[in-house]
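Structure first, commentary second.
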2 protein chains.
Amino acid sequence: MKRYALGLDFGTESVRALVVECATGAEAAQSTVRYPHGVITDRLPGSEKALPPDFALQHPQDYLDAAIAALSEVAKKVPAAEIIGIGVDFTACTILPVLEDGTPLMSLERFAGNPHAWVKLWKHHAAQPEADRINALARERGERFLRYYSGIISSEWMLPKCWEIASKAPEVFAAADLIVDAGDWFVQQMTGSFCRNSCAAGYKGLWNAELGFPSAEFLKALDPALAGLRDKWLKNITPPGRRAGTLTRAFAARTGLREGTPVSAATIDAHSGVAGMGVSKEGPMSIIMGTSSCHMSLSRDLKLFDGYAGVVKDGILPGFYGYESGQSAVGDIFGWFVNDFLKVPDSDPFAEIAKRAAALEPGSGGVVALDWMNGNRSVLMNANLSGMLLGLTLRTKPEEVYRALIEGTAFGTRMIIEASKRGGVTVDELVVCGGLTKDPMIMQIYADVTGLEVKVSPSTQAVALGAAIFGASAAGAKNGGFDTMPEAIAAMTKPAERTYKPGKKAGAVYEQLYAAYQRTHDFFGRENAALMKSLRETVTTTREK
Amino acid sequence: MKRYALGLDFGTESVRALVVECATGAEAAQSTVRYPHGVITDRLPGSEKALPPDFALQHPQDYLDAAIAALSEVAKKVPAAEIIGIGVDFTACTILPVLEDGTPLMSLERFAGNPHAWVKLWKHHAAQPEADRINALARERGERFLRYYSGIISSEWMLPKCWEIASKAPEVFAAADLIVDAGDWFVQQMTGSFCRNSCAAGYKGLWNAELGFPSAEFLKALDPALAGLRDKWLKNITPPGRRAGTLTRAFAARTGLREGTPVSAATIDAHSGVAGMGVSKEGPMSIIMGTSSCHMSLSRDLKLFDGYAGVVKDGILPGFYGYESGQSAVGDIFGWFVNDFLKVPDSDPFAEIAKRAAALEPGSGGVVALDWMNGNRSVLMNANLSGMLLGLTLRTKPEEVYRALIEGTAFGTRMIIEASKRGGVTVDELVVCGGLTKDPMIMQIYADVTGLEVKVSPSTQAVALGAAIFGASAAGAKNGGFDTMPEAIAAMTKPAERTYKPGKKAGAVYEQLYAAYQRTHDFFGRENAALMKSLRETVTTTREK
């Protein structure tokens, strides 16, 4: 009898179920199902009322419907008895308010029309004012948890989003028994019990092993309305790879899986990719490159420096401090420019522009982009920042702008690498996966800009594979899985097939462009951060009137 | 018998002949003919060899062919005997090297393939290194002529372009008896004799009434090769509106005009528009808004301050110091964005985007543009600057960028107005003409951004009308014209029909965006001007390799 592990990977637009063989990592079955409502930014389903700016919501039933469809599909192809463990990864920080039994508040009739009762997706950015005040007060009080996040927390995280609910929709806040990560919620839907994964709790929930959660005093000082917030947070922290529970009979029946199958504690989607890319040591920076990018490094030692989004002990893999950083838009920027601006009536609008951009010499457009079209959540951690294009002339062509946008995201990655190295975390190669790795031009630009080798993960589904690896670990060796993550990773992943080496000539040109990037990065991001904020304010003011 | 005056208006792409009645300014006949070769930027006609970056050339025979066609056309509609005077305006600084008899050097076989023997159009920007060195040396030597140009001269002007010929094509320079303004050259083609108009000589040729031309010592100090340059410049300065000569029999025969018709000294096209818009006093700033914009003000007194491109006594109208400034791309920026980026398969690509942009509230896009896509030739006078877009987000729509580009040019105009006012030149309203004045949105944006009333000239051909007014003045009263320019202007122009008043609410939003414009203007234009220059250098380096 073969042994399989199942990874369930919840992305921004869809969920993927992937079944792999435990002995080899070979893919045995997979299914991807889109969320019927996708990302909700303009208005709630069935409503005519416009949502405020910066809202990004989802429908929790979408997760269930899509996952059950995907699981049912793969369960037809692999015997349920041979699936020995299930891992779950999820976008983060994606949260929802629920009753004690897991019922989402938006499913109650009285809250159906209240956007704050819905799932707030990771890229919901409306809680920036709350994040600003949390940062200010935490700094003022010298809260030690701040040191784990380079001194600044993001509007995307758990506390700002919880506070937004408390202040904008106190009735929703009062009715919520719990406010949970969507990944933990889904594990509860599968197993019948809640447990909180240490990855999301650490990177997004202000928890760390040494200090626990932010104190009740701090929350009360923020806002007396938050006095009860700690009680709405799950406290039973569980590392990904450890068993959270087993499949309930009801869930098994809806999917064709086996009741009692071990389910791992959830993890963040990007962080799952580190295991899926085969990384289990210091040195490589793992990057998931898709609509946004997430950067992860491992270090045996704790280094507290500025320029990463979070450090969590055992947050990525046991035995390492895991460092996370991110770029809040990457592929999204390319899509925005090509789809919204070029309006070429072509079935594949990217094909032509990518071809033209690939034919350009590095730097030949003389255009530099700041890649902050969705704010900055790496070294500046500021959602009020916005994108910039510099060096435009009447001769500038669309493919030069397209290439500059790609280069801008590579410069953004280099800023993260340099901050890591200054902080004492080794970065000696890039290991990458995600949709953007298909384009050789993008890979070569990243190698040339960073001066590092770029190794492309052979799995096109490294994140889902990582989730399966966590599932195999949760099962344990006695059930046909593995007792340690490095063993599971070694067995279930393959070495890179494509490697891009940095070019000397291109590197020299990019040094010059990177200097311009750095100068404008610091001008708009540090010295004059109020300037871009003032522009966001004219948008808000004029849209609200 | 009626009396008519004829204006001959040489633009960037075409020449227009306009015949108006002297008593009323009523248009009696007109004809516009495009230059067959247009603007030559990529390669010389019949050549496969790419021109260097920043080249913009023209074919002198185009001027003759197009003008003769246009003149022949209007001469069929108005009796030649009733045309009492002709005025000529021309783009500036557009120059060409010629033999003593006016033969353009490019028409000699041995120079036909040498781009430096061709006409260098005003927007030829390849002489920036020469301009930089002229500025540096003039500053070092304390050359007094610099004070008439806010301390800085442009790569577009006569001396940098002459020096470019001398250094890049010494054989052309040596063979040139004269290097002349194209307007003066065309008057010579009509009348058989050269005279140099004070307008181009003053604004672009470094001549002023008090000091004359730059000294031979200065030129020699720049480059010993320029020792003979003064001898190649015409010295018989003649104000526009004064007679340069009369039509030769040969030219009359080719056009159907009357031999002996008085011809005025030429003038710069934009400056001709001041008369054509009916302005003959202090207060209004006259703006010609087309592919680029030119801003002109009149003052009884000489004010030497920073922020204008030139001040010339009697340079625009007798009795006033004329102040000129300019934006080197305006309509060109809108055209570049709409035609090169949006690629909408529409017969009128501007119609849809202009409609959507007009529906936006001011500031609702939160995007600010620096309008330097063709360098800056107003308060910064630096062709190495380039355009910038700030405030881009994944929600930014093309019409928001389009509107931001328009607003950026309006902010650029406001910079000029504020510099003028600080310098002591009154600016209390804007009087405008040119192609862009057709769009009410653009006009309203200029009013809202500047806080001034915008009056649109009722003549759609104010520049050509101005040339005709100069022609009527050159004829004099005894020939049915006028003895003074104010008399001619009063008789031949009408008051504005459309006026745009500044809005309070929009003005307040634009104050905020203008603050962002000013801050980035100073950062990129003053404090860090080397940054944009470094981007231009990567373009040059990579294109040359």
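Ligands are numbered from 1 in the order shown, chains are lettered A, B, ... in the order of the structure tokens, and residues start at 1 in each chain.
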
Requested in this report: Please determine the contact residues of chain B with respect to chain A at a cut-off of 8 Å, counting only C-alpha atoms, and supply them as a PyMOL selection string.
Outcome: chain B and resi 332-333+336+340-344+361-367+372-374+385-394+397-398+509+512-513+516+531-532+534-543

Query - Surrounding residues of Trp233 (chain B) excluding itself and chain neighbours under 6 positions, 7 Å, only C-alpha atoms, as a VMD selection string - result: chain B and resid 178 to 180

Requested in this report: Once DSSP has gone over the backbone, tell me which residues of region 370-510 of chain A are in helix (DSSP H, G or I), as a PyMOL selection string.
Outcome: chain A and resi 398-423+435-438+440-450+462-475+477-479+485-492+504-510

How would the residues just picked look written out with C-alpha atoms as a PDB file, in the first residue's frame?
ATOM      1  CA  PRO A 398       5.068  50.694 -22.778  1.00  0.00           C
ATOM      2  CA  GLU A 399       7.507  47.767 -22.748  1.00  0.00           C
ATOM      3  CA  GLU A 400      10.084  50.002 -21.052  1.00  0.00           C
ATOM      4  CA  VAL A 401       7.584  50.833 -18.326  1.00  0.00           C
ATOM      5  CA  TYR A 402       6.625  47.150 -18.039  1.00  0.00           C
ATOM      6  CA  ARG A 403      10.267  46.179 -17.619  1.00  0.00           C
ATOM      7  CA  ALA A 404      10.807  49.011 -15.128  1.00  0.00           C
ATOM      8  CA  LEU A 405       7.908  47.700 -13.053  1.00  0.00           C
ATOM      9  CA  ILE A 406       9.538  44.258 -12.933  1.00  0.00           C
ATOM     10  CA  GLU A 407      12.901  45.807 -12.070  1.00  0.00           C
ATOM     11  CA  GLY A 408      11.214  47.915  -9.376  1.00  0.00           C
ATOM     12  CA  THR A 409       9.948  44.777  -7.657  1.00  0.00           C
ATOM     13  CA  ALA A 410      13.448  43.264  -7.909  1.00  0.00           C
ATOM     14  CA  PHE A 411      14.900  46.401  -6.296  1.00  0.00           C
ATOM     15  CA  GLY A 412      12.303  46.007  -3.560  1.00  0.00           C
ATOM     16  CA  THR A 413      13.518  42.446  -2.985  1.00  0.00           C
ATOM     17  CA  ARG A 414      17.115  43.662  -2.894  1.00  0.00           C
ATOM     18  CA  MET A 415      16.205  46.175  -0.175  1.00  0.00           C
ATOM     19  CA  ILE A 416      14.950  43.235   1.912  1.00  0.00           C
ATOM     20  CA  ILE A 417      18.055  41.146   1.244  1.00  0.00           C
ATOM     21  CA  GLU A 418      20.375  43.988   2.207  1.00  0.00           C
ATOM     22  CA  ALA A 419      18.475  44.665   5.405  1.00  0.00           C
ATOM     23  CA  SER A 420      18.705  40.947   6.288  1.00  0.00           C
ATOM     24  CA  LYS A 421      22.426  40.791   5.649  1.00  0.00           C
ATOM     25  CA  ARG A 422      23.059  43.946   7.658  1.00  0.00           C
ATOM     26  CA  GLY A 423      21.048  42.343  10.449  1.00  0.00           C
ATOM     27  CA  GLY A 435       3.462  32.007 -11.014  1.00  0.00           C
ATOM     28  CA  LEU A 436       6.053  34.626 -11.919  1.00  0.00           C
ATOM     29  CA  THR A 437       8.894  32.097 -12.000  1.00  0.00           C
ATOM     30  CA  LYS A 438       7.613  30.898 -15.380  1.00  0.00           C
ATOM     31  CA  PRO A 440      12.783  33.669 -17.665  1.00  0.00           C
ATOM     32  CA  MET A 441      13.154  37.447 -18.109  1.00  0.00           C
ATOM     33  CA  ILE A 442      11.788  38.085 -14.630  1.00  0.00           C
ATOM     34  CA  MET A 443      14.100  35.441 -13.140  1.00  0.00           C
ATOM     35  CA  GLN A 444      17.160  36.872 -14.899  1.00  0.00           C
ATOM     36  CA  ILE A 445      16.294  40.404 -13.748  1.00  0.00           C
ATOM     37  CA  TYR A 446      16.086  39.197 -10.154  1.00  0.00           C
ATOM     38  CA  ALA A 447      19.491  37.490 -10.481  1.00  0.00           C
ATOM     39  CA  ASP A 448      21.086  40.547 -12.118  1.00  0.00           C
ATOM     40  CA  VAL A 449      19.595  43.015  -9.639  1.00  0.00           C
ATOM     41  CA  THR A 450      20.420  41.028  -6.498  1.00  0.00           C
ATOM     42  CA  ALA A 462       5.418  24.272  -3.769  1.00  0.00           C
ATOM     43  CA  VAL A 463       3.001  25.835  -1.301  1.00  0.00           C
ATOM     44  CA  ALA A 464       0.464  23.014  -1.554  1.00  0.00           C
ATOM     45  CA  LEU A 465       3.335  20.517  -1.474  1.00  0.00           C
ATOM     46  CA  GLY A 466       4.568  22.154   1.724  1.00  0.00           C
ATOM     47  CA  ALA A 467       1.118  21.739   3.241  1.00  0.00           C
ATOM     48  CA  ALA A 468       1.190  18.045   2.318  1.00  0.00           C
ATOM     49  CA  ILE A 469       4.624  17.758   3.952  1.00  0.00           C
ATOM     50  CA  PHE A 470       3.166  19.239   7.147  1.00  0.00           C
ATOM     51  CA  GLY A 471       0.350  16.690   6.849  1.00  0.00           C
ATOM     52  CA  ALA A 472       2.894  13.845   6.566  1.00  0.00           C
ATOM     53  CA  SER A 473       4.670  15.183   9.635  1.00  0.00           C
ATOM     54  CA  ALA A 474       1.405  15.443  11.590  1.00  0.00           C
ATOM     55  CA  ALA A 475       0.729  11.786  10.782  1.00  0.00           C
ATOM     56  CA  ALA A 477       6.305   7.763  11.119  1.00  0.00           C
ATOM     57  CA  LYS A 478       4.144   5.129  12.750  1.00  0.00           C
ATOM     58  CA  ASN A 479       1.276   6.109  10.434  1.00  0.00           C
ATOM     59  CA  MET A 485      10.230  18.054   9.133  1.00  0.00           C
ATOM     60  CA  PRO A 486      13.767  17.805   7.644  1.00  0.00           C
ATOM     61  CA  GLU A 487      13.141  14.092   6.997  1.00  0.00           C
ATOM     62  CA  ALA A 488       9.800  14.836   5.375  1.00  0.00           C
ATOM     63  CA  ILE A 489      11.303  17.667   3.274  1.00  0.00           C
ATOM     64  CA  ALA A 490      14.252  15.522   2.146  1.00  0.00           C
ATOM     65  CA  ALA A 491      11.959  12.701   1.040  1.00  0.00           C
ATOM     66  CA  MET A 492       9.240  14.751  -0.590  1.00  0.00           C
ATOM     67  CA  LYS A 504      28.163  41.268 -14.637  1.00  0.00           C
ATOM     68  CA  LYS A 505      27.242  43.804 -17.297  1.00  0.00           C
ATOM     69  CA  ALA A 506      23.586  43.938 -16.393  1.00  0.00           C
ATOM     70  CA  GLY A 507      24.574  44.087 -12.744  1.00  0.00           C
ATOM     71  CA  ALA A 508      26.613  47.232 -13.328  1.00  0.00           C
ATOM     72  CA  VAL A 509      23.709  49.001 -15.037  1.00  0.00           C
ATOM     73  CA  TYR A 510      21.363  47.927 -12.286  1.00  0.00           C
TER      74      TYR A 510
END

Report task. Just list the residues in region 180-400 of chain B DSSP gives strand (DSSP E) on the backbone, as a count of residues only. Result -> 49

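Picture a line from CA of Glu140 (chain B) to CA of Gly315 (chain B); it runs 27.6 Å.
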
Query - Spatial neighbours of Val263 (chain B), max dist 8 Å, only C-alpha atoms, sep filter under 5 positions, as an MDAnalysis selection string - result: chainID B and resid 85:88 187 191 243:247 471 474:475

Given the selection you just returned, output its residues as a file containing N, CA and C atoms, formatted as a compact mmCIF listing (two decimals), in the first residue's frame.
# COMPACT_ATOMS: atom_id res chain seq x y z
N GLY B 85 0.66 93.86 -46.77
CA GLY B 85 1.87 93.53 -46.00
C GLY B 85 1.85 92.08 -45.56
N ILE B 86 3.04 91.56 -45.34
CA ILE B 86 3.19 90.15 -44.95
C ILE B 86 4.04 90.07 -43.69
N GLY B 87 3.59 89.25 -42.72
CA GLY B 87 4.40 88.98 -41.53
C GLY B 87 4.71 87.49 -41.47
N VAL B 88 5.85 87.17 -40.89
CA VAL B 88 6.29 85.78 -40.80
C VAL B 88 6.63 85.44 -39.35
N VAL B 187 12.49 84.75 -44.56
CA VAL B 187 12.30 86.14 -45.01
C VAL B 187 13.30 86.46 -46.13
N THR B 191 12.51 87.93 -49.74
CA THR B 191 12.88 89.32 -50.07
C THR B 191 14.23 89.44 -50.77
N ARG B 243 9.80 96.83 -41.51
CA ARG B 243 9.96 96.21 -42.82
C ARG B 243 11.36 95.61 -42.99
N ALA B 244 11.39 94.33 -43.40
CA ALA B 244 12.67 93.67 -43.68
C ALA B 244 13.04 93.81 -45.14
N GLY B 245 12.04 93.99 -45.97
CA GLY B 245 12.26 94.09 -47.41
C GLY B 245 10.93 93.94 -48.11
N THR B 246 10.99 93.71 -49.40
CA THR B 246 9.74 93.51 -50.17
C THR B 246 9.88 92.25 -51.01
N LEU B 247 8.76 91.70 -51.38
CA LEU B 247 8.74 90.43 -52.12
C LEU B 247 9.50 90.56 -53.44
N GLY B 471 2.57 92.24 -40.25
CA GLY B 471 2.62 92.62 -41.67
C GLY B 471 1.93 93.96 -41.92
N ALA B 474 4.20 96.60 -40.70
CA ALA B 474 5.35 96.81 -41.60
C ALA B 474 4.94 97.64 -42.82
N ALA B 475 3.67 97.50 -43.23
CA ALA B 475 3.20 98.26 -44.39
C ALA B 475 3.08 99.75 -44.06

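For region 295-302 of chain A, the residues within 6 Å (counting only C-alpha atoms, excluding itself and residues fewer than 4 positions away along the chain) are Glu282, Met285, Ser286, Ile287, Phe320, Tyr321, Gly322, Tyr323, Glu324, Ser325 and Gly326 of chain A.
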
Report task. Write out as a list in words each polymer residue whose atoms come within 6 Å of Ser292 (chain B), counting only C-alpha atoms; drop sequence neighbours fewer than 6 positions from it. Result ->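 Returned residues: Gln327, Ser328, Ala329 and Val330 of chain B.
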
Report task. For CA of Ala496 (chain A) and CA of Gly290 (chain A), determine how far apart the two atoms are, in Å to one decimal place. Result ->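 Separation of CA of Ala496 (chain A) and CA of Gly290 (chain A): 18.5 Å.
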